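Only one structure is covered here, and it is reproduced in the block below.
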Amino acid sequence: MQGNVNTSKFGGRLNGCGGFINISQNARSVVFAGTFTNGGLDVVIEDGKLRIVKEGRNRKFLNFVEQITFSGKFAQKRKQPVIYVTERCVFQLQPKGWN
């Protein structure tokens, strides 16, 4: 909801973030790319269109993330361009929210 990204803690298990925080928060701009859901997602392209055969079990775009490894609020404060690309849509974090 706030543009935050979690790459380090899932279901209480800590994977660590390596240099992700320093690299992503200090980059001139950031593009996050991934699927809209995961865990069994099955998609096909037919006649140039995306068809969801089976939806993934886990939503990736949530109101709150378990742990913040990329802060959307900090990116907004820095006026850092941030784009989120999925197989279904593209979001851009703006000063006043999503676009």
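Residues are referred to by chain and number: the chain letter is A, B, ... according to the order shown in the structure tokens, the number counts from 1 in that chain, and ligands are numbered separately from 1 in the order shown.
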
- Task: For Val31 in chain A, list every protein, DNA or RNA residue within 6 Å, evaluated using only C-alpha atoms, and leave out those in the same chain fewer than 5 positions away; present the list as a ChimeraX atom specification.
- Result: /A:82-84

Please provide as a PDB file with C-alpha atoms, in the first residue's frame all residues within 10 Å of range 11-28 of chain A, with the sequence filter that same-chain residues fewer than 2 positions apart are discarded (counting only C-alpha atoms).
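After the write, around25.pdb holds the following:
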```pdb
ATOM      1  CA  VAL A   5       9.064  -4.063  -0.460  1.00  0.00           C
ATOM      2  CA  ASN A   6      10.038  -7.065   1.667  1.00  0.00           C
ATOM      3  CA  THR A   7      12.834  -9.267   0.324  1.00  0.00           C
ATOM      4  CA  SER A   8      14.131 -10.649   3.596  1.00  0.00           C
ATOM      5  CA  LYS A   9      11.480 -12.111   5.921  1.00  0.00           C
ATOM      6  CA  VAL A  30      14.243   1.408  -9.212  1.00  0.00           C
ATOM      7  CA  VAL A  31      12.199  -1.082 -11.224  1.00  0.00           C
ATOM      8  CA  PHE A  32      10.812  -4.071  -9.331  1.00  0.00           C
ATOM      9  CA  GLU A  66       6.160  -8.283   7.197  1.00  0.00           C
ATOM     10  CA  GLN A  67       9.505  -6.471   7.072  1.00  0.00           C
ATOM     11  CA  ILE A  68      10.509  -3.336   5.156  1.00  0.00           C
ATOM     12  CA  THR A  69      13.665  -3.760   3.084  1.00  0.00           C
ATOM     13  CA  PHE A  70      12.689  -0.987   0.650  1.00  0.00           C
ATOM     14  CA  SER A  71      10.822   2.024   2.015  1.00  0.00           C
ATOM     15  CA  GLY A  72       8.320   3.633  -0.341  1.00  0.00           C
ATOM     16  CA  PHE A  74      11.783   7.198   1.921  1.00  0.00           C
ATOM     17  CA  ALA A  75      11.759   6.888  -1.891  1.00  0.00           C
ATOM     18  CA  ARG A  78      13.924  11.488  -2.106  1.00  0.00           C
ATOM     19  CA  LYS A  79      11.749  11.809  -5.237  1.00  0.00           C
ATOM     20  CA  GLN A  80      13.233   8.505  -6.363  1.00  0.00           C
ATOM     21  CA  PRO A  81      11.393   7.067  -9.391  1.00  0.00           C
ATOM     22  CA  VAL A  82       9.989   3.634  -8.489  1.00  0.00           C
TER      23      VAL A  82
END
```

- Query: Quick one: of A:Ser29, A:Asn63, A:Arg57, A:Thr37, who's nearest to Arg88 in chain A, counting only C-alpha atoms?
  - Reply: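 Smallest distance to Arg88 in chain A is found for A:Thr37.
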
- Write down as a list in words the residues of range 17-91 of chain A whose backbone DSSP state falls under helix (DSSP H, G or I).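 Written out, the helix (DSSP H, G or I) residues of range 17-91 of chain A are Phe20, Ile21, Asn22, Ile23, Ser24, Gln25, Asn26, Gly72, Lys73, Phe74, Ala75, Gln76, Lys77 and Arg78 of chain A.
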
Written file, previous selection with N, CA and C atoms, as a PDB file, in the first residue's frame:
```
ATOM      1  N   PHE A  20      20.765  -5.377  -0.519  1.00  0.00           N
ATOM      2  CA  PHE A  20      19.559  -4.897  -1.193  1.00  0.00           C
ATOM      3  C   PHE A  20      19.135  -3.513  -0.726  1.00  0.00           C
ATOM      4  N   ILE A  21      19.137  -3.284   0.575  1.00  0.00           N
ATOM      5  CA  ILE A  21      18.667  -1.994   1.105  1.00  0.00           C
ATOM      6  C   ILE A  21      19.538  -0.860   0.600  1.00  0.00           C
ATOM      7  N   ASN A  22      20.834  -0.979   0.744  1.00  0.00           N
ATOM      8  CA  ASN A  22      21.737   0.093   0.313  1.00  0.00           C
ATOM      9  C   ASN A  22      21.649   0.350  -1.177  1.00  0.00           C
ATOM     10  N   ILE A  23      21.595  -0.716  -1.959  1.00  0.00           N
ATOM     11  CA  ILE A  23      21.562  -0.563  -3.413  1.00  0.00           C
ATOM     12  C   ILE A  23      20.240   0.054  -3.867  1.00  0.00           C
ATOM     13  N   SER A  24      19.112  -0.505  -3.412  1.00  0.00           N
ATOM     14  CA  SER A  24      17.803  -0.048  -3.898  1.00  0.00           C
ATOM     15  C   SER A  24      17.450   1.349  -3.392  1.00  0.00           C
ATOM     16  N   GLN A  25      17.751   1.661  -2.155  1.00  0.00           N
ATOM     17  CA  GLN A  25      17.375   2.973  -1.618  1.00  0.00           C
ATOM     18  C   GLN A  25      18.268   4.093  -2.138  1.00  0.00           C
ATOM     19  N   ASN A  26      19.460   3.747  -2.615  1.00  0.00           N
ATOM     20  CA  ASN A  26      20.377   4.772  -3.097  1.00  0.00           C
ATOM     21  C   ASN A  26      20.476   4.850  -4.615  1.00  0.00           C
ATOM     22  N   GLY A  72       8.977   2.762   0.622  1.00  0.00           N
ATOM     23  CA  GLY A  72       8.320   3.633  -0.341  1.00  0.00           C
ATOM     24  C   GLY A  72       8.280   5.077   0.142  1.00  0.00           C
ATOM     25  N   LYS A  73       8.068   5.263   1.432  1.00  0.00           N
ATOM     26  CA  LYS A  73       8.012   6.614   2.017  1.00  0.00           C
ATOM     27  C   LYS A  73       9.359   7.331   1.846  1.00  0.00           C
ATOM     28  N   PHE A  74      10.452   6.613   2.090  1.00  0.00           N
ATOM     29  CA  PHE A  74      11.783   7.198   1.921  1.00  0.00           C
ATOM     30  C   PHE A  74      12.028   7.530   0.451  1.00  0.00           C
ATOM     31  N   ALA A  75      11.605   6.644  -0.455  1.00  0.00           N
ATOM     32  CA  ALA A  75      11.759   6.888  -1.891  1.00  0.00           C
ATOM     33  C   ALA A  75      10.967   8.120  -2.314  1.00  0.00           C
ATOM     34  N   GLN A  76       9.747   8.264  -1.792  1.00  0.00           N
ATOM     35  CA  GLN A  76       8.930   9.443  -2.104  1.00  0.00           C
ATOM     36  C   GLN A  76       9.615  10.712  -1.609  1.00  0.00           C
ATOM     37  N   LYS A  77      10.172  10.654  -0.414  1.00  0.00           N
ATOM     38  CA  LYS A  77      10.859  11.812   0.170  1.00  0.00           C
ATOM     39  C   LYS A  77      12.052  12.231  -0.692  1.00  0.00           C
ATOM     40  N   ARG A  78      12.763  11.231  -1.239  1.00  0.00           N
ATOM     41  CA  ARG A  78      13.924  11.488  -2.106  1.00  0.00           C
ATOM     42  C   ARG A  78      13.534  11.808  -3.539  1.00  0.00           C
TER      43      ARG A  78
END
```

- Task: Going by DSSP on the backbone, which bits of chain A are strand (DSSP E or B)? Write them as a VMD selection string, please.
- Result: chain A and resid 5 9 to 10 13 to 14 30 to 33 37 to 38 42 to 46 49 to 54 58 to 59 70 82 to 85 90 to 94 97 to 98

Export of the given selection (C-alpha atoms) as a CSV table (one decimal), in the first residue's frame:
```csv
chain,number,residue,atom,x,y,z
A,5,VAL,CA,9.1,-4.1,-0.5
A,9,LYS,CA,11.5,-12.1,5.9
A,10,PHE,CA,8.7,-14.5,5.0
A,13,ARG,CA,11.7,-16.9,8.5
A,14,LEU,CA,14.6,-14.4,8.1
A,30,VAL,CA,14.2,1.4,-9.2
A,31,VAL,CA,12.2,-1.1,-11.2
A,32,PHE,CA,10.8,-4.1,-9.3
A,33,ALA,CA,9.7,-6.9,-11.6
A,37,THR,CA,0.9,-13.5,-7.1
A,38,ASN,CA,3.0,-16.6,-6.5
A,42,ASP,CA,-0.2,-20.5,-14.0
A,43,VAL,CA,-0.5,-18.1,-16.9
A,44,VAL,CA,-0.6,-18.4,-20.7
A,45,ILE,CA,-0.5,-16.0,-23.6
A,46,GLU,CA,-3.2,-16.7,-26.1
A,49,LYS,CA,-3.6,-11.7,-24.4
A,50,LEU,CA,-2.7,-12.9,-20.9
A,51,ARG,CA,-4.9,-15.6,-19.5
A,52,ILE,CA,-4.7,-16.6,-15.8
A,53,VAL,CA,-5.2,-20.4,-15.8
A,54,LYS,CA,-4.7,-20.8,-12.1
A,58,ASN,CA,-0.1,-15.8,-2.2
A,59,ARG,CA,-0.8,-12.1,-2.9
A,70,PHE,CA,12.7,-1.0,0.7
A,82,VAL,CA,10.0,3.6,-8.5
A,83,ILE,CA,8.1,1.3,-10.9
A,84,TYR,CA,6.6,-2.1,-10.1
A,85,VAL,CA,6.1,-4.3,-13.1
A,90,VAL,CA,2.6,-1.6,-14.1
A,91,PHE,CA,2.4,0.7,-11.1
A,92,GLN,CA,4.4,3.8,-10.4
A,93,LEU,CA,5.0,5.3,-7.0
A,94,GLN,CA,4.1,8.9,-7.0
A,97,GLY,CA,0.5,7.4,-3.9
A,98,TRP,CA,0.1,4.9,-6.7
```

- Message: Which residues are near Phe61 in chain A? Cut-off 10 Å, only C-alpha atoms, ignore same chain within fewer than 3 positions. Put them as a list in words.
- Response: Met1, Gln2, Gly3, Asn4, Val5, Phe36, Thr37, Asn58, Phe64 and Val65 of chain A
